[in-house]
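Read through the structure below, which is laid out as structure tokens, and then see the notes.
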Amino acid sequence: MTEIPSAARAPLGLRLYGAVGFLAGAVIALQISVMRVFAVGSWSHFGSLVVSLAMLGFGMASVFIFLMKGWLDRHGTGSATVALGLVGPLAVGANLVAQLVPFNAIFLISDPMQKWRLLANFLLYLLPFLSGAFFLGIVFRQGKANFNRLYFADLLGSGLAGLAILGALYVLPPERLLVAPLALWAVALVLWVGMAPLGRVGAALGGAGLVLAAYLMLPGALGVPDIAVSSYKGVSYARNFPDAKRLYRSISPFGDLQVYSSSYMHFAPGLSDNAAFNVPELPANSYVGMFIDGEGPSGIMRSLPPEDAAYYQYLPMYYPYIVKPNAKAFVVQFGGGLSAMTALNAGASAVTIAEANPEVLRAFRSPDLKEATGNILADQRVKVVDYDGRLFLAHTDERFDVIDLSLADSVGLSNPGGFAISEKYAYTQHALTSYIHGLAEGGVLSVTLWNKEEPPKSVMRFYATMAKAAQEAGGDWARSLFVSESYLSTTTVLYKKGGFTEADIAALRQHSADLSFDEVYSPGFAFDPASAKGILAQYQASIFGDGTTADSATAGDGGAAPGDTPSVDGTASDAPPGDGAETAVPSTTLARLVWQGLVQGGAADVTGQYVFDIQPLTDDRPYFAGYIRPVDLTKTLDRLDSVQDDWGYLLLWATLGMACLAAVVLILPPMIFGGRAGMGQGKLAVIAYFGSLGLGYITVEVGLISWFTRALTNPTIAASVVLSGMLVFSGLGSWVAERITRTGRVLPLVLVSIALCLLAMMLVLPVALESIGALSYLGRIAFCLVIVAPVAFLMGFPMATAMNWLALRGRDQMFVWAWGINGSFSVVGAAAVPLIAVSFGLSAVLVVAAFGYGLAMLAFLAMARVR
């Protein structure tokens, strides 16, 4: 094979640029494919960890290339060929073996073997990324005089592959999705060997065909599952029912949606136990279950005969219709349709439903499900909005008597499964404010959540958020709230615009009594904090206690005299105690204490003493995660089993620590051996410059995915749009950067401009993303790309320009090392972004990125002074 030209500005063939572009695209497609495998098989897509794996591959490859520079001077092209040829087989082999060592995420803390299984998965999937990075590193090293153009091909191929994989998600199911990166790899291989003497193209095609055949056929031949789905996921239970039948399946970027039926399937979210005594037994096969990426079920209820319609009255979603009969209702998230069915059976005059996932609506309109659902979408009272309910309410003049957001998350807001860092924009203070503004005068907002955590966390955080939104709405907001819950089942929060009347309160209390639900808060509800004496210390001891004094305080302990109701600070009032206060379970007592603090202004005293962080959700911090305060992290090390339901958040901290260690290990060898290799001075400046670029770029990339999920409502699509937009426009920037001749003057200005753009985006994004909510989906995608384009274009300059600057100054030994530093710090950034967002907000992510580019400007000035 002809050696890659290394003379300054020697022309390179289109085949080489094509090979680089298609291989870079294969790497991006493989990242998304591995995320989908994790999402379907486990509970999390491990997005930041998969990105870290890919970046770690680049960092490791740079070290290998540095240590093997003598060998590569003689055998560079052959080594690149081997590395490229191994990408496909390693991807197939890693995926196959990974299914033999599946891990169960919910036992990650309690079962030591799960940690090793998780490590084995990550090491296996690292191999193809390492091989691909090795190929790119060799090509960059040998063609360093043309780095701008090679880097442009790299970024352009990666960006276009992001869009290609988005299309592939409509065609290829998760268990066949690796076909996409394998196809891109095959094209790269053929283009690469096409530069060699004739005869090798056929061998490359034959080898790629064998690899693809192995991927498709080996699992069945060896009895290995295509994707090892955890036996604890909802879809696994559904498949194992004796009479289970899959009624429907659709694949798309919105997820792998499947619907199963079985006579064993029962789904009664929050159903009162009293229903068993007052409602006839439901007909057989009343439910079917909907699963998205194996999560669920979201219960889909068949149309019930009139004599069984009383069933709906025992569901918590029925609450608002007690005080608003014949309502004009709006359902924020359609889901399985149970809230809409409840509204129709409660006598609603009209029901508008919103659903951000178009595949859900397509499923309900399919012939296979029309019979199972009673064809609810065809009901004349039903109007369908085919995008997110929050976005609709922010842009409509319509007002509704009831707005319902109930059990939209089939397994809870934060759960042991591990979507621990998933954005929940539907529940933020800003979202609740939009819902309140969408109410007609006297209208009721009803939010029902799962309440299955003990100690409670997500419910408490939502209580704080709801109180903030109600307070912002103004008026006598304390009279506008009613809260009821069922132990380890559900909680319902009602907000009435204009406040509840005495008749309303009496009716709601009677309904709660009929359902045997616990009243938590209502206007005039008297709660005796003496009944909560020691409750905060009790929960603190349950997590961080030494086990010898579990705290003897119970919900019934107290020293107040009858009729005296101390406030949060212990002073007495004359209000009588509420019914059932002496017999309530601790979590209900805690909820009452929290609500009293929220309403009376003592929230800081209560929430500050609670064992978990339950600060309100905002659009800047839309996470039901990060309940363990950073100051308490060290206390969890010897009792991880007590906080294992927050394992996803803890895993990110562990990942950040390992990423920092890996970055140091990867940077050290060139530092130690650099003197003998002739690297010269300025190594610290090189580390600071390229490390800042790697940290800044990945921080913007991962952070914008979270930002854009607000407008695009789907993290997979947001990731594809951000990755494609940033990589393509950055590639164009790197191509234009080739024409810069006065690097020392221009590059600092570009770096400062990037930092200023990022700070401006921090101010513009909240308004811009809210303003595009009513656009079509393609319109929102186009708008997001327009937002990304300017800063991404500028971000393509610094890496390409500085690498070319090193090459032209003969800093050959630093060239690939600098590229590896960039990748190593990207590993750190990918792990750090979710933690920064959860702890300080998404705005802080952009501030950190801006700081990174500002630091890069100073580092470049230092680097330029070194001869």
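By convention here, the chains of the structure tokens are called A, B, ... in the order presented, each chain's residues are numbered starting at 1, and ligands are numbered starting at 1 in the order presented.
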(message) Could you pull out the strand (DSSP E) residues of stretch 406-514 of chain A, going by DSSP on the backbone, and write them as a PyMOL selection string?
(response) chain A and resi 406+439-450+481-485+490-496
(request) Can you work out the spacing between atom CA of A:Gly499 and atom CA of A:Val323 in Å, to one decimal? (result) 11.8 Å
DSSP on the backbone, then: every residue of stretch 450-553 of chain A marked helix (DSSP H, G or I), written as a CSV table (one decimal) with N, CA and C atoms, in the first residue's frame.
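Here's the written file out_34.csv:
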chain,number,residue,atom,x,y,z
A,458,SER,N,-38.1,11.5,45.8
A,458,SER,CA,-38.7,12.2,44.6
A,458,SER,C,-40.0,12.9,45.0
A,459,VAL,N,-40.8,12.3,45.8
A,459,VAL,CA,-42.1,12.9,46.1
A,459,VAL,C,-41.9,14.2,46.9
A,460,MET,N,-40.9,14.1,47.9
A,460,MET,CA,-40.6,15.3,48.7
A,460,MET,C,-40.1,16.4,47.8
A,461,ARG,N,-39.2,16.1,46.8
A,461,ARG,CA,-38.7,17.1,45.9
A,461,ARG,C,-39.9,17.7,45.1
A,462,PHE,N,-40.8,16.9,44.7
A,462,PHE,CA,-41.9,17.4,43.9
A,462,PHE,C,-42.8,18.3,44.8
A,463,TYR,N,-43.0,17.9,46.1
A,463,TYR,CA,-43.8,18.8,47.0
A,463,TYR,C,-43.2,20.2,47.0
A,464,ALA,N,-41.9,20.3,47.2
A,464,ALA,CA,-41.2,21.6,47.3
A,464,ALA,C,-41.3,22.3,46.0
A,465,THR,N,-41.3,21.6,44.9
A,465,THR,CA,-41.5,22.3,43.5
A,465,THR,C,-42.9,22.8,43.4
A,466,MET,N,-43.9,22.0,43.8
A,466,MET,CA,-45.3,22.4,43.6
A,466,MET,C,-45.6,23.7,44.5
A,467,ALA,N,-45.0,23.7,45.7
A,467,ALA,CA,-45.2,24.8,46.6
A,467,ALA,C,-44.6,26.1,46.0
A,468,LYS,N,-43.4,25.9,45.4
A,468,LYS,CA,-42.8,27.1,44.7
A,468,LYS,C,-43.7,27.6,43.6
A,469,ALA,N,-44.2,26.7,42.7
A,469,ALA,CA,-45.0,27.1,41.6
A,469,ALA,C,-46.3,27.8,42.1
A,470,ALA,N,-46.9,27.2,43.1
A,470,ALA,CA,-48.1,27.8,43.6
A,470,ALA,C,-47.9,29.2,44.2
A,471,GLN,N,-46.8,29.3,44.9
A,471,GLN,CA,-46.4,30.6,45.5
A,471,GLN,C,-46.2,31.7,44.4
A,472,GLU,N,-45.5,31.3,43.3
A,472,GLU,CA,-45.3,32.2,42.2
A,472,GLU,C,-46.6,32.6,41.5
A,473,ALA,N,-47.6,31.7,41.6
A,473,ALA,CA,-48.9,32.0,40.9
A,473,ALA,C,-49.6,33.2,41.7
A,477,TRP,N,-52.2,31.3,48.0
A,477,TRP,CA,-51.9,30.1,47.4
A,477,TRP,C,-52.0,28.9,48.3
A,478,ALA,N,-51.9,29.2,49.6
A,478,ALA,CA,-52.1,28.1,50.6
A,478,ALA,C,-53.5,27.5,50.6
A,479,ARG,N,-54.5,28.3,50.2
A,479,ARG,CA,-55.8,27.7,50.1
A,479,ARG,C,-56.1,27.0,48.7
A,480,SER,N,-55.1,27.0,47.9
A,480,SER,CA,-55.3,26.4,46.6
A,480,SER,C,-54.8,25.0,46.5
A,502,GLU,N,-65.0,25.8,51.0
A,502,GLU,CA,-65.2,24.9,52.1
A,502,GLU,C,-65.9,23.6,51.6
A,503,ALA,N,-66.8,23.8,50.6
A,503,ALA,CA,-67.5,22.6,50.0
A,503,ALA,C,-66.6,21.7,49.3
A,504,ASP,N,-65.7,22.4,48.6
A,504,ASP,CA,-64.7,21.6,47.8
A,504,ASP,C,-63.8,20.7,48.8
A,505,ILE,N,-63.4,21.3,49.9
A,505,ILE,CA,-62.5,20.6,50.8
A,505,ILE,C,-63.3,19.5,51.5
A,506,ALA,N,-64.5,19.7,51.8
A,506,ALA,CA,-65.4,18.7,52.4
A,506,ALA,C,-65.5,17.5,51.5
A,507,ALA,N,-65.8,17.8,50.2
A,507,ALA,CA,-66.0,16.7,49.2
A,507,ALA,C,-64.7,15.9,49.0
A,508,LEU,N,-63.6,16.6,49.0
A,508,LEU,CA,-62.3,15.9,48.8
A,508,LEU,C,-61.9,15.1,50.0
A,509,ARG,N,-62.2,15.6,51.2
A,509,ARG,CA,-61.9,14.8,52.4
A,509,ARG,C,-62.8,13.6,52.4
A,510,GLN,N,-64.0,13.7,52.1
A,510,GLN,CA,-64.9,12.6,52.1
A,510,GLN,C,-64.4,11.6,51.0
A,511,HIS,N,-64.0,12.0,49.9
A,511,HIS,CA,-63.5,11.1,48.8
A,511,HIS,C,-62.2,10.4,49.3
A,512,SER,N,-61.3,11.1,50.0
A,512,SER,CA,-60.2,10.5,50.6
A,512,SER,C,-60.5,9.4,51.6
A,513,ALA,N,-61.5,9.7,52.4
A,513,ALA,CA,-62.0,8.7,53.4
A,513,ALA,C,-62.6,7.5,52.7
A,514,ASP,N,-63.3,7.7,51.7
A,514,ASP,CA,-63.9,6.6,50.9
A,514,ASP,C,-62.9,5.7,50.3
A,515,LEU,N,-61.7,6.3,50.0
A,515,LEU,CA,-60.7,5.5,49.4
A,515,LEU,C,-59.6,5.0,50.4
A,529,PRO,N,-47.1,19.1,65.0
A,529,PRO,CA,-45.7,18.7,64.8
A,529,PRO,C,-45.2,17.8,65.9
A,530,ALA,N,-45.8,17.8,67.1
A,530,ALA,CA,-45.4,17.0,68.2
A,530,ALA,C,-45.4,15.5,67.8
A,531,SER,N,-46.3,15.2,66.9
A,531,SER,CA,-46.4,13.8,66.4
A,531,SER,C,-45.2,13.5,65.5
A,532,ALA,N,-44.5,14.5,65.1
A,532,ALA,CA,-43.3,14.3,64.2
A,532,ALA,C,-42.0,14.5,65.0
A,535,ILE,N,-38.7,12.8,63.9
A,535,ILE,CA,-38.9,12.1,62.7
A,535,ILE,C,-37.7,12.3,61.7
A,536,LEU,N,-37.2,13.6,61.7
A,536,LEU,CA,-36.1,13.9,60.9
A,536,LEU,C,-34.8,13.2,61.3
A,537,ALA,N,-34.6,13.2,62.6
A,537,ALA,CA,-33.4,12.5,63.2
A,537,ALA,C,-33.5,11.0,62.9
A,538,GLN,N,-34.8,10.5,62.9
A,538,GLN,CA,-35.0,9.0,62.7
A,538,GLN,C,-34.6,8.7,61.3
A,539,TYR,N,-35.0,9.5,60.3
A,539,TYR,CA,-34.6,9.2,58.9
A,539,TYR,C,-33.1,9.4,58.7
A,540,GLN,N,-32.5,10.4,59.4
A,540,GLN,CA,-31.1,10.6,59.3
A,540,GLN,C,-30.3,9.4,59.9
A,541,ALA,N,-30.8,8.9,61.0
A,541,ALA,CA,-30.1,7.7,61.6
A,541,ALA,C,-30.3,6.4,60.7
A,542,SER,N,-31.5,6.4,60.0
A,542,SER,CA,-31.7,5.2,59.2
A,542,SER,C,-30.7,5.0,58.0
A,543,ILE,N,-30.1,6.2,57.6
A,543,ILE,CA,-29.2,6.2,56.5
A,543,ILE,C,-27.7,6.3,57.0
A,544,PHE,N,-27.5,7.2,57.9
A,544,PHE,CA,-26.1,7.5,58.4
A,544,PHE,C,-25.8,7.1,59.8
(request) Do a neighbour search on A:Leu481 at 9 Å with only C-alpha atoms, toss out local chain neighbours closer than 5 positions, and write the hits as a list of chain:residue names. (result)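 Using only C-alpha atoms, the neighbours found are A:Ala467, A:Ala470, A:Val493, A:Leu494, A:Tyr495, A:Lys496, A:Gly499, A:Phe500, A:Tyr521, A:Ser522, A:Pro523.
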Requested write-out: all heavy atoms of the selected residues, as a PDB file, in the first residue's frame:
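Output file out-v8.pdb is given in full below:
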ATOM      1  N   ALA A 467     -45.022  23.657  45.679  1.00  0.00           N
ATOM      2  CA  ALA A 467     -45.248  24.798  46.557  1.00  0.00           C
ATOM      3  C   ALA A 467     -44.643  26.069  45.971  1.00  0.00           C
ATOM      4  O   ALA A 467     -45.238  27.153  46.039  1.00  0.00           O
ATOM      5  CB  ALA A 467     -44.656  24.512  47.940  1.00  0.00           C
ATOM      6  N   ALA A 470     -46.894  27.244  43.103  1.00  0.00           N
ATOM      7  CA  ALA A 470     -48.133  27.822  43.627  1.00  0.00           C
ATOM      8  C   ALA A 470     -47.875  29.205  44.214  1.00  0.00           C
ATOM      9  O   ALA A 470     -48.668  30.145  44.017  1.00  0.00           O
ATOM     10  CB  ALA A 470     -48.730  26.901  44.687  1.00  0.00           C
ATOM     11  N   VAL A 493     -51.450  15.587  44.185  1.00  0.00           N
ATOM     12  CA  VAL A 493     -51.425  16.995  44.568  1.00  0.00           C
ATOM     13  C   VAL A 493     -52.396  17.746  43.667  1.00  0.00           C
ATOM     14  O   VAL A 493     -52.292  17.671  42.438  1.00  0.00           O
ATOM     15  CB  VAL A 493     -50.012  17.590  44.439  1.00  0.00           C
ATOM     16  CG1 VAL A 493     -50.017  19.056  44.866  1.00  0.00           C
ATOM     17  CG2 VAL A 493     -49.017  16.800  45.264  1.00  0.00           C
ATOM     18  N   LEU A 494     -53.348  18.461  44.282  1.00  0.00           N
ATOM     19  CA  LEU A 494     -54.321  19.266  43.542  1.00  0.00           C
ATOM     20  C   LEU A 494     -54.047  20.740  43.787  1.00  0.00           C
ATOM     21  O   LEU A 494     -53.753  21.154  44.917  1.00  0.00           O
ATOM     22  CB  LEU A 494     -55.749  18.942  43.983  1.00  0.00           C
ATOM     23  CG  LEU A 494     -56.219  17.490  43.881  1.00  0.00           C
ATOM     24  CD1 LEU A 494     -57.639  17.367  44.423  1.00  0.00           C
ATOM     25  CD2 LEU A 494     -56.162  16.995  42.454  1.00  0.00           C
ATOM     26  N   TYR A 495     -54.140  21.530  42.725  1.00  0.00           N
ATOM     27  CA  TYR A 495     -54.053  22.988  42.834  1.00  0.00           C
ATOM     28  C   TYR A 495     -55.276  23.571  42.146  1.00  0.00           C
ATOM     29  O   TYR A 495     -55.540  23.265  40.975  1.00  0.00           O
ATOM     30  CB  TYR A 495     -52.786  23.524  42.169  1.00  0.00           C
ATOM     31  CG  TYR A 495     -52.744  25.035  42.095  1.00  0.00           C
ATOM     32  CD1 TYR A 495     -52.153  25.787  43.110  1.00  0.00           C
ATOM     33  CD2 TYR A 495     -53.310  25.721  41.018  1.00  0.00           C
ATOM     34  CE1 TYR A 495     -52.125  27.172  43.052  1.00  0.00           C
ATOM     35  CE2 TYR A 495     -53.296  27.110  40.952  1.00  0.00           C
ATOM     36  CZ  TYR A 495     -52.697  27.830  41.968  1.00  0.00           C
ATOM     37  OH  TYR A 495     -52.692  29.199  41.917  1.00  0.00           O
ATOM     38  N   LYS A 496     -56.044  24.403  42.865  1.00  0.00           N
ATOM     39  CA  LYS A 496     -57.225  25.034  42.268  1.00  0.00           C
ATOM     40  C   LYS A 496     -56.991  26.528  42.118  1.00  0.00           C
ATOM     41  O   LYS A 496     -56.638  27.219  43.078  1.00  0.00           O
ATOM     42  CB  LYS A 496     -58.471  24.800  43.127  1.00  0.00           C
ATOM     43  CG  LYS A 496     -59.732  25.377  42.474  1.00  0.00           C
ATOM     44  CD  LYS A 496     -61.000  25.071  43.262  1.00  0.00           C
ATOM     45  CE  LYS A 496     -62.224  25.632  42.530  1.00  0.00           C
ATOM     46  NZ  LYS A 496     -63.473  25.391  43.270  1.00  0.00           N
ATOM     47  N   GLY A 499     -58.475  29.075  44.626  1.00  0.00           N
ATOM     48  CA  GLY A 499     -58.600  28.489  45.957  1.00  0.00           C
ATOM     49  C   GLY A 499     -59.798  27.564  46.096  1.00  0.00           C
ATOM     50  O   GLY A 499     -60.828  27.730  45.430  1.00  0.00           O
ATOM     51  N   PHE A 500     -59.665  26.575  46.967  1.00  0.00           N
ATOM     52  CA  PHE A 500     -60.749  25.627  47.251  1.00  0.00           C
ATOM     53  C   PHE A 500     -61.764  26.260  48.199  1.00  0.00           C
ATOM     54  O   PHE A 500     -61.402  26.949  49.161  1.00  0.00           O
ATOM     55  CB  PHE A 500     -60.197  24.349  47.889  1.00  0.00           C
ATOM     56  CG  PHE A 500     -59.435  23.470  46.937  1.00  0.00           C
ATOM     57  CD1 PHE A 500     -58.047  23.414  46.990  1.00  0.00           C
ATOM     58  CD2 PHE A 500     -60.096  22.704  45.987  1.00  0.00           C
ATOM     59  CE1 PHE A 500     -57.332  22.606  46.124  1.00  0.00           C
ATOM     60  CE2 PHE A 500     -59.396  21.897  45.111  1.00  0.00           C
ATOM     61  CZ  PHE A 500     -58.004  21.850  45.173  1.00  0.00           C
ATOM     62  N   TYR A 521     -52.244  17.418  53.266  1.00  0.00           N
ATOM     63  CA  TYR A 521     -52.401  18.858  53.443  1.00  0.00           C
ATOM     64  C   TYR A 521     -53.680  19.314  52.763  1.00  0.00           C
ATOM     65  O   TYR A 521     -54.051  18.823  51.695  1.00  0.00           O
ATOM     66  CB  TYR A 521     -51.219  19.643  52.857  1.00  0.00           C
ATOM     67  CG  TYR A 521     -51.472  21.133  52.892  1.00  0.00           C
ATOM     68  CD1 TYR A 521     -51.290  21.853  54.069  1.00  0.00           C
ATOM     69  CD2 TYR A 521     -51.958  21.811  51.773  1.00  0.00           C
ATOM     70  CE1 TYR A 521     -51.572  23.206  54.129  1.00  0.00           C
ATOM     71  CE2 TYR A 521     -52.240  23.168  51.819  1.00  0.00           C
ATOM     72  CZ  TYR A 521     -52.048  23.859  53.000  1.00  0.00           C
ATOM     73  OH  TYR A 521     -52.350  25.188  53.067  1.00  0.00           O
ATOM     74  N   SER A 522     -54.342  20.264  53.391  1.00  0.00           N
ATOM     75  CA  SER A 522     -55.471  20.969  52.789  1.00  0.00           C
ATOM     76  C   SER A 522     -55.643  22.269  53.552  1.00  0.00           C
ATOM     77  O   SER A 522     -55.132  22.420  54.665  1.00  0.00           O
ATOM     78  CB  SER A 522     -56.752  20.128  52.870  1.00  0.00           C
ATOM     79  OG  SER A 522     -57.149  19.968  54.224  1.00  0.00           O
ATOM     80  N   PRO A 523     -56.337  23.238  52.976  1.00  0.00           N
ATOM     81  CA  PRO A 523     -56.596  24.474  53.720  1.00  0.00           C
ATOM     82  C   PRO A 523     -57.352  24.163  55.014  1.00  0.00           C
ATOM     83  O   PRO A 523     -58.407  23.515  55.002  1.00  0.00           O
ATOM     84  CB  PRO A 523     -57.468  25.288  52.755  1.00  0.00           C
ATOM     85  CG  PRO A 523     -57.128  24.759  51.398  1.00  0.00           C
ATOM     86  CD  PRO A 523     -56.863  23.301  51.597  1.00  0.00           C
TER      87      PRO A 523
END
(request) Can you work out which one of A:Arg381, A:Ala526, A:Ser42, A:Gly194 has the shortest atom-to-atom distance to A:Tyr232, counting only C-alpha atoms? (result) A:Ser42
(message) Could you list, as a ChimeraX atom specification, every residue within 8 Å of stretch 173-183 of chain A, counting only C-alpha atoms and ignoring same-chain residues fewer than 6 positions away?
(response) /A:25-30,33,36-37,40,88,165,208,212,216,226-227,251,256
For the residues selected in the previous step, produce a file with C-alpha atoms as a tab-separated table (two decimals), in the first residue's frame.
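Output below, filename selection-v4.tsv:
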chain	number	residue	atom	x	y	z
A	25	GLY	CA	-18.83	7.80	11.40
A	26	ALA	CA	-18.69	4.13	12.38
A	27	VAL	CA	-17.29	5.14	15.78
A	28	ILE	CA	-20.18	7.55	16.40
A	29	ALA	CA	-22.74	5.01	15.17
A	30	LEU	CA	-21.19	2.37	17.42
A	33	SER	CA	-25.72	1.46	19.12
A	36	ARG	CA	-29.29	1.36	22.76
A	37	VAL	CA	-28.06	-2.13	23.72
A	40	VAL	CA	-32.86	-2.23	26.21
A	88	GLY	CA	-15.61	-4.75	12.90
A	165	ILE	CA	-27.99	6.35	12.70
A	208	ALA	CA	-16.64	-7.43	5.99
A	212	LEU	CA	-21.69	-9.02	9.27
A	216	LEU	CA	-26.44	-11.80	12.50
A	226	ASP	CA	-29.08	-10.94	20.82
A	227	ILE	CA	-29.51	-8.63	23.82
A	251	ILE	CA	-38.99	0.67	16.43
A	256	ASP	CA	-38.55	0.07	21.08
